[in-house]
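Pasting coords_10.cif here (mmCIF, N, CA and C atoms):
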```
data_protein
#
loop_
_atom_site.label_atom_id
_atom_site.label_comp_id
_atom_site.auth_asym_id
_atom_site.auth_seq_id
_atom_site.Cartn_x
_atom_site.Cartn_y
_atom_site.Cartn_z
N MET A 1 117.77 127.40 85.06
CA MET A 1 116.74 127.56 84.05
C MET A 1 115.52 126.75 84.46
N ALA A 2 114.36 127.31 84.38
CA ALA A 2 113.13 126.62 84.74
C ALA A 2 112.86 125.50 83.75
N THR A 3 112.28 124.42 84.24
CA THR A 3 112.01 123.24 83.42
C THR A 3 111.16 123.57 82.20
N HIS A 4 110.14 124.40 82.38
CA HIS A 4 109.25 124.69 81.26
C HIS A 4 109.95 125.47 80.15
N LEU A 5 111.07 126.07 80.42
CA LEU A 5 111.82 126.80 79.39
C LEU A 5 112.79 125.88 78.65
N ALA A 6 112.96 124.67 79.11
CA ALA A 6 113.89 123.74 78.50
C ALA A 6 113.29 123.02 77.30
N PHE A 7 111.97 123.15 77.11
CA PHE A 7 111.32 122.42 76.03
C PHE A 7 110.42 123.35 75.21
N ALA A 8 110.24 122.98 73.95
CA ALA A 8 109.35 123.73 73.05
C ALA A 8 108.45 122.73 72.34
N ASP A 9 107.44 123.24 71.69
CA ASP A 9 106.53 122.41 70.89
C ASP A 9 105.97 121.24 71.70
N VAL A 10 105.50 121.54 72.89
CA VAL A 10 104.96 120.50 73.77
C VAL A 10 103.55 120.15 73.31
N THR A 11 103.31 118.86 73.14
CA THR A 11 101.96 118.38 72.83
C THR A 11 101.60 117.30 73.84
N VAL A 12 100.34 117.32 74.24
CA VAL A 12 99.84 116.35 75.20
C VAL A 12 98.64 115.65 74.57
N ASP A 13 98.67 114.35 74.57
CA ASP A 13 97.55 113.58 74.06
C ASP A 13 97.11 112.61 75.15
N GLN A 14 95.81 112.56 75.41
CA GLN A 14 95.26 111.66 76.42
C GLN A 14 94.14 110.86 75.79
N TRP A 15 94.04 109.61 76.22
CA TRP A 15 92.92 108.80 75.78
C TRP A 15 92.63 107.74 76.85
N ARG A 16 91.43 107.24 76.78
CA ARG A 16 90.99 106.19 77.70
C ARG A 16 90.67 104.94 76.91
N GLU A 17 90.89 103.83 77.55
CA GLU A 17 90.57 102.56 76.92
C GLU A 17 90.07 101.60 77.98
N VAL A 18 89.01 100.90 77.65
CA VAL A 18 88.48 99.88 78.55
C VAL A 18 89.09 98.54 78.14
N ILE A 19 89.71 97.88 79.10
CA ILE A 19 90.34 96.60 78.83
C ILE A 19 89.62 95.53 79.65
N PRO A 20 88.94 94.61 78.95
CA PRO A 20 88.24 93.55 79.66
C PRO A 20 89.21 92.46 80.10
N SER A 21 88.90 91.84 81.23
CA SER A 21 89.73 90.76 81.76
C SER A 21 88.86 89.64 82.26
N THR A 22 89.33 88.42 82.07
CA THR A 22 88.69 87.29 82.70
C THR A 22 89.07 87.28 84.18
N ARG A 23 88.42 86.43 84.94
CA ARG A 23 88.72 86.29 86.37
C ARG A 23 90.21 86.02 86.57
N ASP A 24 90.74 85.03 85.86
CA ASP A 24 92.14 84.65 86.04
C ASP A 24 93.10 85.76 85.63
N GLU A 25 92.79 86.45 84.54
CA GLU A 25 93.66 87.56 84.09
C GLU A 25 93.68 88.68 85.12
N TYR A 26 92.50 89.03 85.63
CA TYR A 26 92.42 90.13 86.59
C TYR A 26 93.11 89.78 87.91
N LEU A 27 92.90 88.56 88.38
CA LEU A 27 93.54 88.17 89.63
C LEU A 27 95.06 88.10 89.47
N ALA A 28 95.54 87.69 88.31
CA ALA A 28 96.99 87.68 88.06
C ALA A 28 97.52 89.11 88.11
N LEU A 29 96.77 90.07 87.54
CA LEU A 29 97.17 91.48 87.58
C LEU A 29 97.18 92.00 89.01
N ILE A 30 96.09 91.79 89.75
CA ILE A 30 95.99 92.27 91.13
C ILE A 30 97.11 91.68 91.98
N GLY A 31 97.49 90.45 91.68
CA GLY A 31 98.56 89.81 92.43
C GLY A 31 99.92 90.48 92.29
N THR A 32 100.06 91.37 91.29
CA THR A 32 101.33 92.08 91.10
C THR A 32 101.34 93.43 91.81
N TYR A 33 100.18 93.88 92.32
CA TYR A 33 100.10 95.19 92.98
C TYR A 33 100.79 95.11 94.34
N SER A 34 101.32 96.23 94.79
CA SER A 34 102.11 96.24 96.03
C SER A 34 101.31 95.84 97.26
N GLY A 35 100.04 96.20 97.33
CA GLY A 35 99.23 95.83 98.50
C GLY A 35 99.17 94.33 98.71
N PRO A 36 98.68 93.57 97.73
CA PRO A 36 98.65 92.12 97.90
C PRO A 36 100.04 91.50 98.04
N LEU A 37 101.03 92.07 97.38
CA LEU A 37 102.38 91.51 97.49
C LEU A 37 102.96 91.61 98.90
N THR A 38 102.50 92.58 99.67
CA THR A 38 103.02 92.74 101.03
C THR A 38 102.37 91.78 102.01
N LEU A 39 101.27 91.15 101.60
CA LEU A 39 100.57 90.23 102.49
C LEU A 39 101.28 88.87 102.53
N ALA A 40 101.16 88.20 103.65
CA ALA A 40 101.64 86.82 103.74
C ALA A 40 100.80 85.96 102.80
N GLU A 41 101.29 84.79 102.49
CA GLU A 41 100.64 83.94 101.48
C GLU A 41 99.17 83.63 101.79
N GLU A 42 98.87 83.26 103.02
CA GLU A 42 97.50 82.89 103.36
C GLU A 42 96.51 84.06 103.21
N PRO A 43 96.80 85.23 103.80
CA PRO A 43 95.87 86.35 103.59
C PRO A 43 95.78 86.80 102.13
N ARG A 44 96.91 86.75 101.41
CA ARG A 44 96.91 87.14 99.99
C ARG A 44 96.00 86.20 99.19
N ASN A 45 96.15 84.90 99.42
CA ASN A 45 95.30 83.93 98.72
C ASN A 45 93.84 84.12 99.10
N GLY A 46 93.56 84.43 100.37
CA GLY A 46 92.19 84.68 100.81
C GLY A 46 91.60 85.89 100.10
N LEU A 47 92.39 86.95 99.98
CA LEU A 47 91.93 88.16 99.29
C LEU A 47 91.61 87.86 97.83
N LEU A 48 92.52 87.18 97.15
CA LEU A 48 92.33 86.89 95.74
C LEU A 48 91.14 85.94 95.53
N ASP A 49 90.99 84.96 96.42
CA ASP A 49 89.82 84.06 96.34
C ASP A 49 88.53 84.84 96.51
N CYS A 50 88.53 85.75 97.47
CA CYS A 50 87.34 86.58 97.73
C CYS A 50 86.98 87.44 96.51
N LEU A 51 87.99 88.07 95.94
CA LEU A 51 87.76 88.89 94.74
C LEU A 51 87.25 88.03 93.58
N GLY A 52 87.85 86.87 93.42
CA GLY A 52 87.43 85.96 92.35
C GLY A 52 85.99 85.51 92.54
N ASP A 53 85.62 85.18 93.78
CA ASP A 53 84.23 84.77 94.06
C ASP A 53 83.27 85.92 93.77
N LEU A 54 83.63 87.13 94.15
CA LEU A 54 82.79 88.31 93.89
C LEU A 54 82.61 88.51 92.38
N MET A 55 83.70 88.38 91.64
CA MET A 55 83.62 88.53 90.19
C MET A 55 82.71 87.48 89.57
N ASP A 56 82.85 86.24 90.03
CA ASP A 56 82.02 85.16 89.50
C ASP A 56 80.55 85.39 89.84
N ARG A 57 80.28 85.74 91.08
CA ARG A 57 78.91 85.87 91.56
C ARG A 57 78.19 87.08 90.98
N ASP A 58 78.86 88.24 90.98
CA ASP A 58 78.18 89.49 90.63
C ASP A 58 78.51 90.05 89.25
N PHE A 59 79.56 89.54 88.62
CA PHE A 59 80.00 90.15 87.36
C PHE A 59 80.27 89.12 86.26
N GLY A 60 79.75 87.92 86.43
CA GLY A 60 79.89 86.91 85.37
C GLY A 60 81.31 86.49 85.09
N GLY A 61 82.20 86.62 86.08
CA GLY A 61 83.58 86.18 85.91
C GLY A 61 84.44 87.08 85.04
N ARG A 62 83.96 88.31 84.83
CA ARG A 62 84.72 89.26 84.00
C ARG A 62 84.73 90.63 84.68
N VAL A 63 85.71 91.41 84.33
CA VAL A 63 85.76 92.78 84.82
C VAL A 63 86.34 93.65 83.70
N ASP A 64 85.79 94.84 83.56
CA ASP A 64 86.31 95.82 82.59
C ASP A 64 87.00 96.92 83.39
N LYS A 65 88.26 97.14 83.09
CA LYS A 65 89.01 98.18 83.80
C LYS A 65 89.33 99.31 82.84
N MET A 66 89.01 100.53 83.29
CA MET A 66 89.28 101.72 82.47
C MET A 66 90.71 102.20 82.75
N TYR A 67 91.47 102.38 81.69
CA TYR A 67 92.82 102.92 81.80
C TYR A 67 92.85 104.28 81.11
N ARG A 68 93.63 105.18 81.67
CA ARG A 68 93.85 106.48 81.04
C ARG A 68 95.31 106.54 80.65
N PHE A 69 95.56 106.80 79.39
CA PHE A 69 96.91 106.89 78.87
C PHE A 69 97.21 108.35 78.55
N GLU A 70 98.46 108.72 78.71
CA GLU A 70 98.88 110.09 78.39
C GLU A 70 100.24 110.03 77.72
N LEU A 71 100.33 110.74 76.60
CA LEU A 71 101.58 110.83 75.86
C LEU A 71 101.97 112.30 75.77
N ILE A 72 103.15 112.62 76.23
CA ILE A 72 103.66 113.99 76.18
C ILE A 72 104.90 113.99 75.30
N LEU A 73 104.87 114.81 74.27
CA LEU A 73 106.01 114.95 73.37
C LEU A 73 106.49 116.40 73.40
N ALA A 74 107.81 116.56 73.33
CA ALA A 74 108.38 117.92 73.33
C ALA A 74 109.73 117.88 72.66
N THR A 75 110.14 119.03 72.23
CA THR A 75 111.47 119.21 71.64
C THR A 75 112.35 119.93 72.65
N ARG A 76 113.52 119.35 72.88
CA ARG A 76 114.47 120.01 73.78
C ARG A 76 115.04 121.23 73.10
N ARG A 77 115.09 122.34 73.82
CA ARG A 77 115.64 123.59 73.26
C ARG A 77 117.14 123.51 73.17
#
```
As structure tokens, what does this structure read like?
Amino acid sequence: MATHLAFADVTVDQWREVIPSTRDEYLALIGTYSGPLTLAEEPRNGLLDCLGDLMDRDFGGRVDKMYRFELILATRR
């Protein structure tokens, strides 16, 4: 049976939200991403320091990140 036939009354809702972050909050978030996590400690710290300096210099120590959320609800047939 095809997947689309397994569900009825499918509704999709999407919305966007801007979430502001301080320098420390954003760097803590970036530090959890797989790219920085694969780096050795010294290059990872260098990357995060560089990003933090850029945020302080050009963006007042803050960054706004746009997130897109999607909620899909359906009834199983």
Convert the output of the PyMOL selection byres ((chain A and resi 14-25) around 8) on the shown file into explicit residues, formatted as a short mmCIF file (atom, residue, chain, number, x, y, z; two decimals) with N, CA and C atoms, in the coordinates of the input.
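To be explicit, this is the file written out as out-v9.cif:
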```
data_model
loop_
_atom_site.label_atom_id
_atom_site.label_comp_id
_atom_site.auth_asym_id
_atom_site.auth_seq_id
_atom_site.Cartn_x
_atom_site.Cartn_y
_atom_site.Cartn_z
N THR A 11 103.31 118.86 73.14
CA THR A 11 101.96 118.38 72.83
C THR A 11 101.60 117.30 73.84
N VAL A 12 100.34 117.32 74.24
CA VAL A 12 99.84 116.35 75.20
C VAL A 12 98.64 115.65 74.57
N ASP A 13 98.67 114.35 74.57
CA ASP A 13 97.55 113.58 74.06
C ASP A 13 97.11 112.61 75.15
N TYR A 26 92.50 89.03 85.63
CA TYR A 26 92.42 90.13 86.59
C TYR A 26 93.11 89.78 87.91
N LEU A 27 92.90 88.56 88.38
CA LEU A 27 93.54 88.17 89.63
C LEU A 27 95.06 88.10 89.47
N ALA A 28 95.54 87.69 88.31
CA ALA A 28 96.99 87.68 88.06
C ALA A 28 97.52 89.11 88.11
N LEU A 29 96.77 90.07 87.54
CA LEU A 29 97.17 91.48 87.58
C LEU A 29 97.18 92.00 89.01
N ILE A 30 96.09 91.79 89.75
CA ILE A 30 95.99 92.27 91.13
C ILE A 30 97.11 91.68 91.98
N GLY A 31 97.49 90.45 91.68
CA GLY A 31 98.56 89.81 92.43
C GLY A 31 99.92 90.48 92.29
N LEU A 51 87.99 88.07 95.94
CA LEU A 51 87.76 88.89 94.74
C LEU A 51 87.25 88.03 93.58
N GLY A 52 87.85 86.87 93.42
CA GLY A 52 87.43 85.96 92.35
C GLY A 52 85.99 85.51 92.54
N MET A 55 83.70 88.38 91.64
CA MET A 55 83.62 88.53 90.19
C MET A 55 82.71 87.48 89.57
N ASP A 56 82.85 86.24 90.03
CA ASP A 56 82.02 85.16 89.50
C ASP A 56 80.55 85.39 89.84
N GLY A 60 79.75 87.92 86.43
CA GLY A 60 79.89 86.91 85.37
C GLY A 60 81.31 86.49 85.09
N GLY A 61 82.20 86.62 86.08
CA GLY A 61 83.58 86.18 85.91
C GLY A 61 84.44 87.08 85.04
N ARG A 62 83.96 88.31 84.83
CA ARG A 62 84.72 89.26 84.00
C ARG A 62 84.73 90.63 84.68
N VAL A 63 85.71 91.41 84.33
CA VAL A 63 85.76 92.78 84.82
C VAL A 63 86.34 93.65 83.70
N ASP A 64 85.79 94.84 83.56
CA ASP A 64 86.31 95.82 82.59
C ASP A 64 87.00 96.92 83.39
N LYS A 65 88.26 97.14 83.09
CA LYS A 65 89.01 98.18 83.80
C LYS A 65 89.33 99.31 82.84
N MET A 66 89.01 100.53 83.29
CA MET A 66 89.28 101.72 82.47
C MET A 66 90.71 102.20 82.75
N TYR A 67 91.47 102.38 81.69
CA TYR A 67 92.82 102.92 81.80
C TYR A 67 92.85 104.28 81.11
N ARG A 68 93.63 105.18 81.67
CA ARG A 68 93.85 106.48 81.04
C ARG A 68 95.31 106.54 80.65
N PHE A 69 95.56 106.80 79.39
CA PHE A 69 96.91 106.89 78.87
C PHE A 69 97.21 108.35 78.55
N GLU A 70 98.46 108.72 78.71
CA GLU A 70 98.88 110.09 78.39
C GLU A 70 100.24 110.03 77.72
N LEU A 71 100.33 110.74 76.60
CA LEU A 71 101.58 110.83 75.86
C LEU A 71 101.97 112.30 75.77
N ILE A 72 103.15 112.62 76.23
CA ILE A 72 103.66 113.99 76.18
C ILE A 72 104.90 113.99 75.30
#
```
Between A:Leu47, A:Val10, A:Ala40, A:Leu54, smallest distance to Leu73 of chain A by all atoms listed in the file belongs to A:Val10
Atom CA of Ser34 of chain A and atom CA of Asp53 of chain A are how many Å apart?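 Atom CA of Asp53 of chain A lies at a distance of 21.3 Å from atom CA of Ser34 of chain A.
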Could you please give me, as a PyMOL selection string, the residues of protein, DNA or RNA lying at most 10 Å from (110.4, 124.8, 74.6) in the coordinate frame of the file, considering only C-alpha atoms? chain A and resi 3-10+74-77
How far is it from atom CA of Gly35 of chain A to atom CA of Cys50 of chain A, in Å with one decimal?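 Atom-to-atom, atom CA of Gly35 of chain A and atom CA of Cys50 of chain A are spaced 15.1 Å apart.
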Could you go through chain A and tell me which residues DSSP, when run on the backbone, assigns to strand (DSSP E or B), listing them as a compact mmCIF listing (two decimals) with N, CA and C atoms, in the frame of the given file?
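Below you can see states.txt, which holds the result:
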```txt
# COMPACT_ATOMS: atom_id res chain seq x y z
N PHE A 7 111.97 123.15 77.11
CA PHE A 7 111.32 122.42 76.03
C PHE A 7 110.42 123.35 75.21
N ALA A 8 110.24 122.98 73.95
CA ALA A 8 109.35 123.73 73.05
C ALA A 8 108.45 122.73 72.34
N ASP A 9 107.44 123.24 71.69
CA ASP A 9 106.53 122.41 70.89
C ASP A 9 105.97 121.24 71.70
N VAL A 10 105.50 121.54 72.89
CA VAL A 10 104.96 120.50 73.77
C VAL A 10 103.55 120.15 73.31
N THR A 11 103.31 118.86 73.14
CA THR A 11 101.96 118.38 72.83
C THR A 11 101.60 117.30 73.84
N VAL A 12 100.34 117.32 74.24
CA VAL A 12 99.84 116.35 75.20
C VAL A 12 98.64 115.65 74.57
N ASP A 13 98.67 114.35 74.57
CA ASP A 13 97.55 113.58 74.06
C ASP A 13 97.11 112.61 75.15
N GLN A 14 95.81 112.56 75.41
CA GLN A 14 95.26 111.66 76.42
C GLN A 14 94.14 110.86 75.79
N TRP A 15 94.04 109.61 76.22
CA TRP A 15 92.92 108.80 75.78
C TRP A 15 92.63 107.74 76.85
N ARG A 16 91.43 107.24 76.78
CA ARG A 16 90.99 106.19 77.70
C ARG A 16 90.67 104.94 76.91
N GLU A 17 90.89 103.83 77.55
CA GLU A 17 90.57 102.56 76.92
C GLU A 17 90.07 101.60 77.98
N VAL A 18 89.01 100.90 77.65
CA VAL A 18 88.48 99.88 78.55
C VAL A 18 89.09 98.54 78.14
N ILE A 19 89.71 97.88 79.10
CA ILE A 19 90.34 96.60 78.83
C ILE A 19 89.62 95.53 79.65
N PRO A 20 88.94 94.61 78.95
CA PRO A 20 88.24 93.55 79.66
C PRO A 20 89.21 92.46 80.10
N SER A 21 88.90 91.84 81.23
CA SER A 21 89.73 90.76 81.76
C SER A 21 88.86 89.64 82.26
N THR A 22 89.33 88.42 82.07
CA THR A 22 88.69 87.29 82.70
C THR A 22 89.07 87.28 84.18
N ARG A 62 83.96 88.31 84.83
CA ARG A 62 84.72 89.26 84.00
C ARG A 62 84.73 90.63 84.68
N VAL A 63 85.71 91.41 84.33
CA VAL A 63 85.76 92.78 84.82
C VAL A 63 86.34 93.65 83.70
N ASP A 64 85.79 94.84 83.56
CA ASP A 64 86.31 95.82 82.59
C ASP A 64 87.00 96.92 83.39
N LYS A 65 88.26 97.14 83.09
CA LYS A 65 89.01 98.18 83.80
C LYS A 65 89.33 99.31 82.84
N MET A 66 89.01 100.53 83.29
CA MET A 66 89.28 101.72 82.47
C MET A 66 90.71 102.20 82.75
N TYR A 67 91.47 102.38 81.69
CA TYR A 67 92.82 102.92 81.80
C TYR A 67 92.85 104.28 81.11
N ARG A 68 93.63 105.18 81.67
CA ARG A 68 93.85 106.48 81.04
C ARG A 68 95.31 106.54 80.65
N PHE A 69 95.56 106.80 79.39
CA PHE A 69 96.91 106.89 78.87
C PHE A 69 97.21 108.35 78.55
N GLU A 70 98.46 108.72 78.71
CA GLU A 70 98.88 110.09 78.39
C GLU A 70 100.24 110.03 77.72
N LEU A 71 100.33 110.74 76.60
CA LEU A 71 101.58 110.83 75.86
C LEU A 71 101.97 112.30 75.77
N ILE A 72 103.15 112.62 76.23
CA ILE A 72 103.66 113.99 76.18
C ILE A 72 104.90 113.99 75.30
N LEU A 73 104.87 114.81 74.27
CA LEU A 73 106.01 114.95 73.37
C LEU A 73 106.49 116.40 73.40
N ALA A 74 107.81 116.56 73.33
CA ALA A 74 108.38 117.92 73.33
C ALA A 74 109.73 117.88 72.66
N THR A 75 110.14 119.03 72.23
CA THR A 75 111.47 119.21 71.64
C THR A 75 112.35 119.93 72.65
N ARG A 76 113.52 119.35 72.88
CA ARG A 76 114.47 120.01 73.78
C ARG A 76 115.04 121.23 73.10
```
